[in-house]
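Asker: Dropping in my_file-v8.cif, which is mmCIF, C-alpha atoms:
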```cif
data_coords
loop_
_atom_site.group_PDB
_atom_site.id
_atom_site.type_symbol
_atom_site.label_atom_id
_atom_site.label_comp_id
_atom_site.auth_asym_id
_atom_site.auth_seq_id
_atom_site.Cartn_x
_atom_site.Cartn_y
_atom_site.Cartn_z
ATOM 1 C CA MET W 9 82.217 35.999 21.413
ATOM 2 C CA ALA W 10 80.983 38.229 18.619
ATOM 3 C CA ASP W 11 77.851 40.285 19.037
ATOM 4 C CA PRO W 12 74.570 39.480 17.225
ATOM 5 C CA ILE W 13 74.822 42.475 14.853
ATOM 6 C CA PHE W 14 78.195 41.236 13.652
ATOM 7 C CA ILE W 15 76.861 37.721 13.059
ATOM 8 C CA ALA W 16 73.836 39.057 11.160
ATOM 9 C CA VAL W 17 76.019 41.212 8.887
ATOM 10 C CA ALA W 18 78.451 38.327 8.357
ATOM 11 C CA VAL W 19 75.655 35.941 7.340
ATOM 12 C CA LEU W 20 74.206 38.597 5.006
ATOM 13 C CA THR W 21 77.562 39.300 3.355
ATOM 14 C CA VAL W 22 78.700 35.709 2.889
ATOM 15 C CA GLY W 23 75.257 34.473 1.862
ATOM 16 C CA ALA W 24 74.845 37.244 -0.702
ATOM 17 C CA ALA W 25 78.322 36.519 -2.071
ATOM 18 C CA ILE W 26 77.391 32.848 -2.554
ATOM 19 C CA ILE W 27 74.080 33.806 -4.194
ATOM 20 C CA ALA W 28 75.932 36.246 -6.489
ATOM 21 C CA LEU W 29 77.977 33.351 -7.832
ATOM 22 C CA GLU W 30 75.280 30.681 -7.857
ATOM 23 C CA ALA W 31 72.065 32.478 -8.888
ATOM 24 C CA ARG W 32 70.751 31.150 -12.193
ATOM 25 C CA GLU W 33 69.921 34.570 -13.607
ATOM 26 C CA LEU W 34 72.826 36.955 -13.887
ATOM 27 C CA VAL W 35 70.677 39.969 -12.951
ATOM 28 C CA TYR W 36 69.835 38.406 -9.591
ATOM 29 C CA GLY W 37 73.531 37.682 -9.175
ATOM 30 C CA ALA W 38 74.328 41.363 -9.742
ATOM 31 C CA VAL W 39 71.728 42.418 -7.169
ATOM 32 C CA ALA W 40 73.116 39.870 -4.683
ATOM 33 C CA LEU W 41 76.605 41.253 -5.286
ATOM 34 C CA ALA W 42 75.299 44.755 -4.464
ATOM 35 C CA ILE W 43 73.801 43.373 -1.221
ATOM 36 C CA SER W 44 77.133 41.756 -0.381
ATOM 37 C CA MET W 45 78.860 45.125 -0.910
ATOM 38 C CA LEU W 46 76.287 46.701 1.424
ATOM 39 C CA GLY W 47 77.196 44.065 4.000
ATOM 40 C CA ILE W 48 80.867 45.026 3.679
ATOM 41 C CA ALA W 49 79.816 48.666 4.231
ATOM 42 C CA GLY W 50 78.029 47.459 7.374
ATOM 43 C CA PHE W 51 81.297 45.891 8.549
ATOM 44 C CA PHE W 52 83.017 49.222 7.982
ATOM 45 C CA LEU W 53 80.384 50.888 10.165
ATOM 46 C CA LEU W 54 80.972 48.238 12.848
ATOM 47 C CA LEU W 55 84.690 49.017 12.570
ATOM 48 C CA ASP W 56 84.022 52.728 13.285
ATOM 49 C CA ALA W 57 84.978 53.762 9.732
ATOM 50 C CA PRO W 58 81.848 55.641 8.604
ATOM 51 C CA PHE W 59 83.756 57.576 5.940
ATOM 52 C CA VAL W 60 84.973 54.403 4.225
ATOM 53 C CA ALA W 61 81.481 52.917 4.574
ATOM 54 C CA MET W 62 79.901 55.897 2.786
ATOM 55 C CA PHE W 63 82.575 55.694 0.081
ATOM 56 C CA GLN W 64 81.910 51.977 -0.303
ATOM 57 C CA ILE W 65 78.170 52.526 -0.680
ATOM 58 C CA ALA W 66 78.635 55.397 -3.146
ATOM 59 C CA VAL W 67 81.180 53.599 -5.312
ATOM 60 C CA TYR W 68 80.163 49.940 -5.130
ATOM 61 C CA VAL W 69 76.422 49.980 -4.604
ATOM 62 C CA GLY W 70 75.913 53.249 -6.482
ATOM 63 C CA ALA W 71 78.261 52.931 -9.423
ATOM 64 C CA VAL W 72 79.677 49.433 -9.845
ATOM 65 C CA ALA W 73 76.437 47.531 -9.291
ATOM 66 C CA VAL W 74 74.535 49.759 -11.731
ATOM 67 C CA LEU W 75 77.327 49.388 -14.292
ATOM 68 C CA ILE W 76 77.218 45.596 -13.955
ATOM 69 C CA ILE W 77 73.423 45.515 -14.286
ATOM 70 C CA PHE W 78 73.602 47.606 -17.460
ATOM 71 C CA THR W 79 76.241 45.278 -18.894
ATOM 72 C CA VAL W 80 74.115 42.237 -18.060
ATOM 73 C CA MET W 81 71.249 43.889 -19.944
ATOM 74 C CA LEU W 82 73.528 44.578 -22.931
ATOM 75 C CA VAL W 83 74.778 41.009 -23.221
ATOM 76 C CA ARG W 84 71.475 39.334 -22.369
ATOM 77 C CA THR W 85 71.346 36.204 -24.439
ATOM 78 C CA GLN W 86 70.361 32.571 -24.257
ATOM 79 C CA ALA W 87 73.988 31.692 -23.644
ATOM 80 C CA LEU W 88 73.724 33.230 -20.177
ATOM 81 C CA PHE W 89 71.140 30.755 -18.972
ATOM 82 C CA THR W 90 72.780 27.514 -19.990
ATOM 83 C CA THR W 91 75.178 26.344 -17.322
ATOM 84 C CA LYS W 92 78.155 24.692 -18.901
ATOM 85 C CA GLU W 93 80.275 23.849 -15.889
ATOM 86 C CA ASP W 94 81.169 20.227 -15.373
ATOM 87 C CA LYS W 95 80.563 18.507 -12.066
ATOM 88 C CA LYS W 96 84.193 17.468 -11.570
ATOM 89 C CA ARG W 97 85.446 21.026 -11.832
ATOM 90 C CA LYS W 98 82.793 22.237 -9.447
ATOM 91 C CA SER W 99 83.577 19.638 -6.771
ATOM 92 C CA ALA W 100 87.296 20.401 -7.164
ATOM 93 C CA GLY W 101 86.522 24.098 -6.687
ATOM 94 C CA ILE W 102 84.458 23.431 -3.569
ATOM 95 C CA ALA W 103 87.227 21.212 -2.177
ATOM 96 C CA LEU W 104 89.810 23.940 -2.795
ATOM 97 C CA MET W 105 87.527 26.511 -1.164
ATOM 98 C CA LEU W 106 87.130 24.369 1.962
ATOM 99 C CA ILE W 107 90.877 23.643 2.089
ATOM 100 C CA MET W 108 91.633 27.372 1.843
ATOM 101 C CA MET W 109 89.109 28.224 4.534
ATOM 102 C CA THR W 110 90.345 25.625 7.003
ATOM 103 C CA SER W 111 94.065 26.106 6.370
ATOM 104 C CA LEU W 112 94.042 29.912 6.391
ATOM 105 C CA GLY W 113 91.570 29.955 9.273
ATOM 106 C CA SER W 114 93.640 27.596 11.420
ATOM 107 C CA LEU W 115 96.771 29.553 10.504
ATOM 108 C CA LEU W 116 95.017 32.683 11.699
ATOM 109 C CA LEU W 117 93.871 31.071 14.937
ATOM 110 C CA VAL W 118 97.373 29.875 15.854
ATOM 111 C CA SER W 119 99.077 33.072 14.656
ATOM 112 C CA GLY W 120 98.746 34.866 17.979
ATOM 113 C CA LEU W 121 96.491 37.547 16.482
ATOM 114 C CA ASN W 122 93.642 36.155 18.571
ATOM 115 C CA GLY W 123 92.923 38.697 21.273
ATOM 116 C CA GLN W 124 95.928 40.728 20.183
ATOM 117 C CA PHE W 125 94.271 44.100 19.699
ATOM 118 C CA GLY W 126 91.674 43.788 22.406
ATOM 119 C CA ASN W 127 87.975 44.350 22.219
ATOM 120 C CA PHE W 128 86.894 46.747 19.481
ATOM 121 C CA GLY W 129 84.182 48.104 21.717
ATOM 122 C CA VAL W 130 86.666 49.703 24.124
ATOM 123 C CA SER W 131 89.827 50.428 22.146
ATOM 124 C CA PRO W 132 90.332 53.948 20.696
ATOM 125 C CA THR W 133 89.121 54.706 17.185
ATOM 126 C CA VAL W 134 90.554 56.482 14.149
ATOM 127 C CA ASP W 135 89.165 59.942 13.474
ATOM 128 C CA PHE W 136 88.276 60.465 9.835
ATOM 129 C CA THR W 137 89.694 63.965 9.698
ATOM 130 C CA GLU W 138 93.045 62.216 10.007
ATOM 131 C CA ILE W 139 92.313 60.343 6.765
ATOM 132 C CA GLY W 140 91.640 63.607 4.948
ATOM 133 C CA LYS W 141 94.865 65.096 6.270
ATOM 134 C CA LEU W 142 96.865 62.029 5.210
ATOM 135 C CA MET W 143 95.305 62.025 1.734
ATOM 136 C CA LEU W 144 96.065 65.688 1.087
ATOM 137 C CA THR W 145 99.548 65.803 2.601
ATOM 138 C CA TYR W 146 101.604 62.616 2.633
ATOM 139 C CA TYR W 147 99.574 60.721 0.037
ATOM 140 C CA ALA W 148 98.851 63.703 -2.235
ATOM 141 C CA PRO W 149 100.991 62.338 -5.134
ATOM 142 C CA ALA W 150 99.208 58.997 -4.852
ATOM 143 C CA LEU W 151 95.865 60.818 -4.905
ATOM 144 C CA ILE W 152 96.828 62.666 -8.105
ATOM 145 C CA ILE W 153 98.027 59.458 -9.769
ATOM 146 C CA MET W 154 94.805 57.747 -8.724
ATOM 147 C CA GLY W 155 92.783 60.530 -10.331
ATOM 148 C CA LEU W 156 94.780 60.176 -13.546
ATOM 149 C CA THR W 157 94.292 56.392 -13.435
ATOM 150 C CA LEU W 158 90.539 56.824 -13.038
ATOM 151 C CA ALA W 159 90.390 59.283 -15.937
ATOM 152 C CA GLY W 160 92.499 56.949 -18.061
ATOM 153 C CA ALA W 161 90.294 53.979 -17.165
ATOM 154 C CA VAL W 162 87.110 55.858 -18.079
ATOM 155 C CA ILE W 163 88.587 56.961 -21.421
ATOM 156 C CA ALA W 164 89.818 53.416 -22.077
ATOM 157 C CA ALA W 165 86.400 51.946 -21.295
ATOM 158 C CA LEU W 166 84.729 54.444 -23.650
ATOM 159 C CA ALA W 167 87.266 53.690 -26.393
ATOM 160 C CA LEU W 168 86.751 49.937 -25.927
ATOM 161 C CA ALA W 169 82.969 50.108 -25.987
ATOM 162 C CA ARG W 170 82.806 52.394 -29.051
ATOM 163 C CA ARG W 171 81.348 50.835 -32.193
ATOM 164 C CA GLU W 172 83.241 51.858 -35.275
ATOM 165 C CA ASP W 173 80.880 50.189 -37.754
ATOM 166 C CA VAL W 174 77.916 52.258 -36.520
ATOM 167 C CA GLU W 175 79.890 55.504 -36.766
ATOM 168 C CA GLN W 176 80.934 54.734 -40.333
ATOM 169 C CA GLN W 177 77.320 54.146 -41.272
ATOM 170 C CA HIS W 178 76.390 57.524 -39.825
ATOM 171 C CA GLU W 179 79.169 59.199 -41.777
ATOM 172 C CA ARG W 180 77.946 57.585 -44.989
ATOM 173 C CA ALA W 181 74.407 58.707 -44.241
ATOM 174 C CA ASP W 182 75.616 62.269 -43.853
ATOM 175 C CA MET Z 254 95.798 60.176 21.263
ATOM 176 C CA ARG Z 255 93.777 63.304 20.781
ATOM 177 C CA HIS Z 256 90.768 61.578 19.313
ATOM 178 C CA LEU Z 257 90.536 58.905 21.940
ATOM 179 C CA ARG Z 258 86.953 58.071 22.601
ATOM 180 C CA LEU Z 259 85.907 55.596 25.199
ATOM 181 C CA ARG Z 260 83.167 53.088 24.944
ATOM 182 C CA ALA Z 261 81.022 54.866 27.490
ATOM 183 C CA GLU Z 262 80.753 57.878 25.198
ATOM 184 C CA ARG Z 263 79.465 55.863 22.283
ATOM 185 C CA THR Z 264 75.859 54.882 22.620
ATOM 186 C CA TRP Z 265 75.067 53.724 19.070
ATOM 187 C CA ASN Z 266 77.651 50.996 18.810
ATOM 188 C CA ASN Z 267 78.007 48.391 21.536
ATOM 189 C CA ASN Z 268 80.456 46.408 19.476
ATOM 190 C CA MET Z 269 81.983 43.366 21.150
ATOM 191 C CA SER Z 270 83.878 41.975 18.157
ATOM 192 C CA GLU Z 271 87.585 41.418 17.893
ATOM 193 C CA LEU Z 272 90.001 41.641 14.994
ATOM 194 C CA ILE Z 273 89.992 37.889 14.457
ATOM 195 C CA ASP Z 274 86.252 37.789 13.685
ATOM 196 C CA PHE Z 275 86.618 40.234 10.826
ATOM 197 C CA LEU Z 276 89.675 38.398 9.495
ATOM 198 C CA ILE Z 277 87.751 35.096 9.471
ATOM 199 C CA VAL Z 278 84.919 36.683 7.475
ATOM 200 C CA SER Z 279 87.541 38.073 5.107
ATOM 201 C CA ILE Z 280 89.090 34.624 4.608
ATOM 202 C CA VAL Z 281 85.682 33.104 3.911
ATOM 203 C CA LEU Z 282 85.008 35.770 1.275
ATOM 204 C CA VAL Z 283 88.417 35.228 -0.367
ATOM 205 C CA ALA Z 284 87.786 31.472 -0.508
ATOM 206 C CA ILE Z 285 84.358 32.025 -2.090
ATOM 207 C CA GLY Z 286 85.896 34.390 -4.642
ATOM 208 C CA ILE Z 287 88.624 31.919 -5.595
ATOM 209 C CA TYR Z 288 86.021 29.165 -5.922
ATOM 210 C CA GLY Z 289 84.105 31.406 -8.342
ATOM 211 C CA LEU Z 290 87.224 32.213 -10.344
ATOM 212 C CA ILE Z 291 88.011 28.508 -10.733
ATOM 213 C CA VAL Z 292 84.567 27.066 -11.388
ATOM 214 C CA LYS Z 293 82.715 29.769 -13.326
ATOM 215 C CA ARG Z 294 83.273 30.196 -17.062
ATOM 216 C CA ASN Z 295 80.995 33.200 -17.427
ATOM 217 C CA ALA Z 296 83.176 36.317 -17.740
ATOM 218 C CA ILE Z 297 80.780 38.508 -15.733
ATOM 219 C CA ARG Z 298 80.700 35.980 -12.892
ATOM 220 C CA MET Z 299 84.496 35.957 -12.848
ATOM 221 C CA LEU Z 300 84.334 39.740 -12.460
ATOM 222 C CA PHE Z 301 81.949 39.210 -9.506
ATOM 223 C CA SER Z 302 84.547 36.895 -7.932
ATOM 224 C CA ILE Z 303 87.293 39.500 -8.375
ATOM 225 C CA GLU Z 304 85.071 42.095 -6.710
ATOM 226 C CA ILE Z 305 84.381 39.785 -3.766
ATOM 227 C CA ILE Z 306 88.126 39.191 -3.281
ATOM 228 C CA ALA Z 307 88.861 42.937 -3.505
ATOM 229 C CA ASN Z 308 86.193 43.627 -0.886
ATOM 230 C CA ALA Z 309 87.662 41.006 1.439
ATOM 231 C CA ALA Z 310 91.037 42.754 1.114
ATOM 232 C CA ASN Z 311 89.433 46.114 1.944
ATOM 233 C CA LEU Z 312 87.769 44.560 4.980
ATOM 234 C CA THR Z 313 91.153 43.306 6.217
ATOM 235 C CA LEU Z 314 92.714 46.742 5.717
ATOM 236 C CA VAL Z 315 89.992 48.518 7.661
ATOM 237 C CA ALA Z 316 89.961 45.870 10.397
ATOM 238 C CA PHE Z 317 93.691 46.262 11.017
ATOM 239 C CA SER Z 318 93.294 50.028 10.802
ATOM 240 C CA ARG Z 319 90.733 49.764 13.589
ATOM 241 C CA GLY Z 320 92.830 47.426 15.665
ATOM 242 C CA LEU Z 321 96.111 49.313 15.631
ATOM 243 C CA PRO Z 322 94.504 52.114 15.495
ATOM 244 C CA ASN Z 323 96.036 53.774 12.455
ATOM 245 C CA ALA Z 324 94.449 56.004 9.806
ATOM 246 C CA GLN Z 325 96.655 54.700 6.992
ATOM 247 C CA GLY Z 326 94.706 51.461 6.654
ATOM 248 C CA GLN Z 327 91.510 53.367 5.932
ATOM 249 C CA THR Z 328 93.362 55.624 3.477
ATOM 250 C CA PHE Z 329 94.602 52.579 1.586
ATOM 251 C CA ALA Z 330 91.094 51.120 1.617
ATOM 252 C CA LEU Z 331 89.760 54.320 0.005
ATOM 253 C CA PHE Z 332 92.445 54.164 -2.708
ATOM 254 C CA SER Z 333 91.692 50.483 -3.235
ATOM 255 C CA ILE Z 334 87.949 51.113 -3.657
ATOM 256 C CA ALA Z 335 88.599 53.833 -6.241
ATOM 257 C CA ILE Z 336 91.004 51.666 -8.232
ATOM 258 C CA ALA Z 337 88.549 48.756 -8.103
ATOM 259 C CA ALA Z 338 85.897 51.008 -9.662
ATOM 260 C CA ALA Z 339 88.266 51.822 -12.545
ATOM 261 C CA GLU Z 340 89.052 48.128 -12.930
ATOM 262 C CA VAL Z 341 85.357 47.240 -13.160
ATOM 263 C CA ALA Z 342 84.777 49.890 -15.848
ATOM 264 C CA VAL Z 343 87.608 48.543 -18.014
ATOM 265 C CA GLY Z 344 86.663 44.913 -17.335
ATOM 266 C CA LEU Z 345 83.059 45.458 -18.392
ATOM 267 C CA GLY Z 346 84.265 47.300 -21.518
ATOM 268 C CA LEU Z 347 86.426 44.288 -22.375
ATOM 269 C CA ILE Z 348 83.498 41.930 -21.793
ATOM 270 C CA ILE Z 349 81.294 43.973 -24.142
ATOM 271 C CA VAL Z 350 83.991 43.943 -26.848
ATOM 272 C CA ALA Z 351 84.440 40.171 -26.439
ATOM 273 C CA TYR Z 352 80.669 39.688 -26.615
ATOM 274 C CA ARG Z 353 80.550 41.631 -29.878
ATOM 275 C CA LEU Z 354 83.358 39.527 -31.331
ATOM 276 C CA TYR Z 355 82.186 36.096 -30.212
ATOM 277 C CA LYS Z 356 78.469 36.550 -29.364
ATOM 278 C CA GLU Z 357 79.366 34.723 -26.162
ATOM 279 C CA ILE Z 358 80.694 35.582 -22.696
ATOM 280 C CA ASP Z 359 81.955 32.088 -21.906
ATOM 281 C CA VAL Z 360 85.704 32.504 -21.356
ATOM 282 C CA ALA Z 361 86.407 29.037 -22.771
ATOM 283 C CA GLU Z 362 85.071 30.231 -26.136
ATOM 284 C CA PHE Z 363 87.523 33.130 -26.406
ATOM 285 C CA ARG Z 364 90.165 31.244 -28.316
ATOM 286 C CA SER Z 365 91.601 33.517 -30.960
ATOM 287 C CA LEU Z 366 94.751 34.070 -28.849
ATOM 288 C CA ARG Z 367 95.181 30.329 -28.227
ATOM 289 C CA GLY Z 368 98.504 29.073 -29.608
#
```
Go through the file and emit its structure as C-alpha cells.
Answerer:
Amino acid sequence: MADPIFIAVAVLTVGAAIIALEARELVYGAVALAISMLGIAGFFLLLDAPFVAMFQIAVYVGAVAVLIIFTVMLVRTQALFTTKEDKKRKSAGIALMLIMMTSLGSLLLVSGLNGQFGNFGVSPTVDFTEIGKLMLTYYAPALIIMGLTLAGAVIAALALARREDVEQQHERAD
Amino acid sequence: MRHLRLRAERTWNNNMSELIDFLIVSIVLVAIGIYGLIVKRNAIRMLFSIEIIANAANLTLVAFSRGLPNAQGQTFALFSIAIAAAEVAVGLGLIIVAYRLYKEIDVAEFRSLRG
C-alpha cells in the first residue's frame, strides 16, 4: 500500500484541482490551481525527479499562476460571479467524470501494470545529468525548435494583447 | 547502471509507492479536467481544466520514467512543461482579446463565428 506522504500529496493535488474548478471567485480558483501544480511538483519529488520538480515550480507556480492571476484581474467583472451553468449539464459532466474514472481505473488495474515495475523505494533511479546530456545531444534540434516556439508564442501573445485604438490616440496626441 | 542507487543509501525518501498509484492519481486528474471542460463555460476555467490535464500527462510521463527507469520520460516532461507555458500565454492573450470584443468571457457568448 502507498505511504502516508503519497496519500497526503494526492489528496492535496486532487482537492486543489477540484477547488480550482469549483471556487466561486476566480482568483481563489487560480490560487488553488497553483497549489495543485505544487502538489504535482511534490509527486515529481516522490518520483526522484528533483530537476523536473524544480522546473515545474519555476514554470507553473512562478510564471503560469501569476499570469493567470493578472488576467483574472484584467477581466474582473460582474459576469465572472454569476454562474450560468445548468444543472443537467453539470450532472452529465459528473456522470462522465465518474464513468471515466471507473472505466480507465479498472482498465489500469486489469492491465498487468500492477506490480510490474516493483517498489519505487528500491528500484534504481534516473540521474538528472542524463537528462541534460539527452537534451543537448539527441534532442538538441527539438530543444531549438522549442525555444523558437516559445519566442513565437510570446510575440504572438504580445501582438494579441496590443491595443491599437490606444496607440492611435497617442499618435494623434503627438 | 552507473547511477544505480539503492534504497539504503537514500535517507530522505522512504517511498513505498508503485507505478499504479501515480497512474490512478493521473486518471483522477484527467477525469476532473474533462469534467471542467464539459461543464464550465468560463474561458479561464476551461484553461484551468486544460492545465490540469496537461499536468496529469506530465505525471504519467515522469512515473513511467521512474519505473523503467529511463531518462527520456523526464526529458519529454520538461519539453511538455515548456510548451504548456507557451500555450497558456497565447490562451490568455486570446481570452483578453475576446473580453475586449464581447465584454464577456463566457464561451457561449462568443458567437460571431457561428454559422
Asker: Given the choices W:Ala24, W:Ile152, W:Leu112, W:Leu34, which gets closest to Thr79 (chain W) if the distance is worked out from only C-alpha atoms?
Answerer: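 Result for the nearest residue to Thr79 (chain W): W:Leu34.
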Asker: Place a sphere of radius 9 Å on (84.8, 26.7, -18.2) in the file coordinates and name every protein, DNA or RNA residue with an atom inside or on its surface, counting all atoms listed in the file; give the answer as an MDAnalysis selection string.
Answerer: (chainID W and resid 92:94 97) or (chainID Z and resid 291:295 359:362)
Asker: Which residues come within 12 Å of Ile349 (chain Z), counting all atoms listed in the file, excluding same-chain residues fewer than 4 positions away, as a count of residues only?
Answerer: 28
Asker: Could you check which of W:Val35, W:Leu144, W:Gln64, W:Gly70 is closest to chain Z, using only C-alpha atoms?
Answerer: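 That would be W:Gln64, the residue with the smallest distance to chain Z.
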Asker: Using all atoms of region 117-123 of chain W that appear in the file, construct an axis-aligned enclosing box with 6 Å of padding on every side and provide its centre coordinates and edge lengths in Å, rounded to one decimal, as AutoDock Vina command-line options.
Answerer:
```
--center_x 96.0 --center_y 34.3 --center_z 18.0 --size_x 18.2 --size_y 20.8 --size_z 18.6
```
Asker: Taking all atoms listed in the file into account, which of Z:Ala330, Z:Leu321, Z:Val315, Z:Ala337 comes nearest Leu53 (chain W)?
Answerer: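 Distance minimum relative to Leu53 (chain W) lands on Z:Val315.
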Asker: Using Å and a single decimal, report how far CA of Glu271 (chain Z) sits from CA of Ala16 (chain W).
Answerer: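 Separation between CA of Ala16 (chain W) and CA of Glu271 (chain Z): 15.5 Å.
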Asker: How would you write, as a list in words, the residues chosen by the PyMOL selection byres ((chain W and resi 65) around 10) on this structure?
Answerer: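 Checked against the file, the PyMOL selection byres ((chain W and resi 65) around 10) matches Ala42, Met45, Leu46, Gly47, Ile48, Ala49, Gly50, Val60, Ala61, Met62, Phe63, Gln64, Ala66, Val67, Tyr68, Val69, Gly70, Ala71 and Val72 of chain W.
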Asker: Keeping only C-alpha atoms, write the selected residues as an mmCIF file, in the frame of the given file.
Answerer:
```
data_model
loop_
_atom_site.group_PDB
_atom_site.id
_atom_site.type_symbol
_atom_site.label_atom_id
_atom_site.label_comp_id
_atom_site.auth_asym_id
_atom_site.auth_seq_id
_atom_site.Cartn_x
_atom_site.Cartn_y
_atom_site.Cartn_z
ATOM 1 C CA ALA W 42 75.299 44.755 -4.464
ATOM 2 C CA MET W 45 78.860 45.125 -0.910
ATOM 3 C CA LEU W 46 76.287 46.701 1.424
ATOM 4 C CA GLY W 47 77.196 44.065 4.000
ATOM 5 C CA ILE W 48 80.867 45.026 3.679
ATOM 6 C CA ALA W 49 79.816 48.666 4.231
ATOM 7 C CA GLY W 50 78.029 47.459 7.374
ATOM 8 C CA VAL W 60 84.973 54.403 4.225
ATOM 9 C CA ALA W 61 81.481 52.917 4.574
ATOM 10 C CA MET W 62 79.901 55.897 2.786
ATOM 11 C CA PHE W 63 82.575 55.694 0.081
ATOM 12 C CA GLN W 64 81.910 51.977 -0.303
ATOM 13 C CA ALA W 66 78.635 55.397 -3.146
ATOM 14 C CA VAL W 67 81.180 53.599 -5.312
ATOM 15 C CA TYR W 68 80.163 49.940 -5.130
ATOM 16 C CA VAL W 69 76.422 49.980 -4.604
ATOM 17 C CA GLY W 70 75.913 53.249 -6.482
ATOM 18 C CA ALA W 71 78.261 52.931 -9.423
ATOM 19 C CA VAL W 72 79.677 49.433 -9.845
#
```
Asker: Compare Z:Phe317, Z:Val341, Z:Gly346, Z:Gly326 by their minimum atom-to-atom distance to Glu304 (chain Z), counting all atoms listed in the file, and give me the closest one.
Answerer: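 Using all atoms listed in the file, Glu304 (chain Z) sits closest to Z:Val341.
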Asker: With distances taken over all atoms listed in the file, which residue among Z:Leu276, Z:Ile334, Z:Leu312, Z:Ala284 lies nearest Ala103 (chain W)?
Answerer: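 Under the stated criterion, the closest residue is Z:Ala284.
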Asker: Could you check how far CA of Gly160 (chain W) sits from CA of Gln177 (chain W), in Å to one decimal?
Answerer: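 Separation between CA of Gly160 (chain W) and CA of Gln177 (chain W): 27.9 Å.
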Asker: For a quick check of understanding, using all atoms listed in the file, which of W:Ile139, W:Ile27, W:Ile107, W:Val74 has the smallest distance to chain Z?
Answerer: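 For chain Z, the nearest of the candidates is W:Ile139.
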Asker: Determine the residue membership of the PyMOL selection byres ((chain W and resi 15) around 12) for the file above and supply it as number ranges by chain.
Answerer: W: 9-14, 16-23, 47, 50-51, 54; Z: 268-270, 274-275, 277-278
Asker: Just to be explicit: take each residue in the selection above, keep C-alpha atoms, and write the result as a tab-separated table (two decimals), in the frame of the given file.
Answerer:
```tsv
chain	number	residue	atom	x	y	z
W	9	MET	CA	82.22	36.00	21.41
W	10	ALA	CA	80.98	38.23	18.62
W	11	ASP	CA	77.85	40.28	19.04
W	12	PRO	CA	74.57	39.48	17.23
W	13	ILE	CA	74.82	42.48	14.85
W	14	PHE	CA	78.19	41.24	13.65
W	16	ALA	CA	73.84	39.06	11.16
W	17	VAL	CA	76.02	41.21	8.89
W	18	ALA	CA	78.45	38.33	8.36
W	19	VAL	CA	75.66	35.94	7.34
W	20	LEU	CA	74.21	38.60	5.01
W	21	THR	CA	77.56	39.30	3.36
W	22	VAL	CA	78.70	35.71	2.89
W	23	GLY	CA	75.26	34.47	1.86
W	47	GLY	CA	77.20	44.06	4.00
W	50	GLY	CA	78.03	47.46	7.37
W	51	PHE	CA	81.30	45.89	8.55
W	54	LEU	CA	80.97	48.24	12.85
Z	268	ASN	CA	80.46	46.41	19.48
Z	269	MET	CA	81.98	43.37	21.15
Z	270	SER	CA	83.88	41.98	18.16
Z	274	ASP	CA	86.25	37.79	13.68
Z	275	PHE	CA	86.62	40.23	10.83
Z	277	ILE	CA	87.75	35.10	9.47
Z	278	VAL	CA	84.92	36.68	7.48
```
Asker: Within 10 Å of Tyr288 (chain Z), counting all atoms listed in the file, which residues show up once you throw out same-chain ones fewer than 5 positions away? Write them as a ChimeraX atom specification, please.
Answerer: /W:26,29,98-106,108 /Z:282-283,293,299,302
Asker: Keeping only C-alpha atoms, take the residues you just selected and write them out as a tab-separated table (two decimals), keeping the file's coordinate frame.
Answerer:
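Saved as result.tsv:
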```tsv
chain	number	residue	atom	x	y	z
W	26	ILE	CA	77.39	32.85	-2.55
W	29	LEU	CA	77.98	33.35	-7.83
W	98	LYS	CA	82.79	22.24	-9.45
W	99	SER	CA	83.58	19.64	-6.77
W	100	ALA	CA	87.30	20.40	-7.16
W	101	GLY	CA	86.52	24.10	-6.69
W	102	ILE	CA	84.46	23.43	-3.57
W	103	ALA	CA	87.23	21.21	-2.18
W	104	LEU	CA	89.81	23.94	-2.80
W	105	MET	CA	87.53	26.51	-1.16
W	106	LEU	CA	87.13	24.37	1.96
W	108	MET	CA	91.63	27.37	1.84
Z	282	LEU	CA	85.01	35.77	1.27
Z	283	VAL	CA	88.42	35.23	-0.37
Z	293	LYS	CA	82.72	29.77	-13.33
Z	299	MET	CA	84.50	35.96	-12.85
Z	302	SER	CA	84.55	36.90	-7.93
```
Asker: Just the number, please: distance in Å from CA of Thr313 (chain Z) to CA of Thr145 (chain W), one decimal.
Answerer: 24.3 Å
Asker: So which residues touch Ala324 (chain Z) within 9 Å, counting all atoms listed in the file, skipping near sequence neighbours fewer than 2 positions away, as a count of residues only?
Answerer: 14
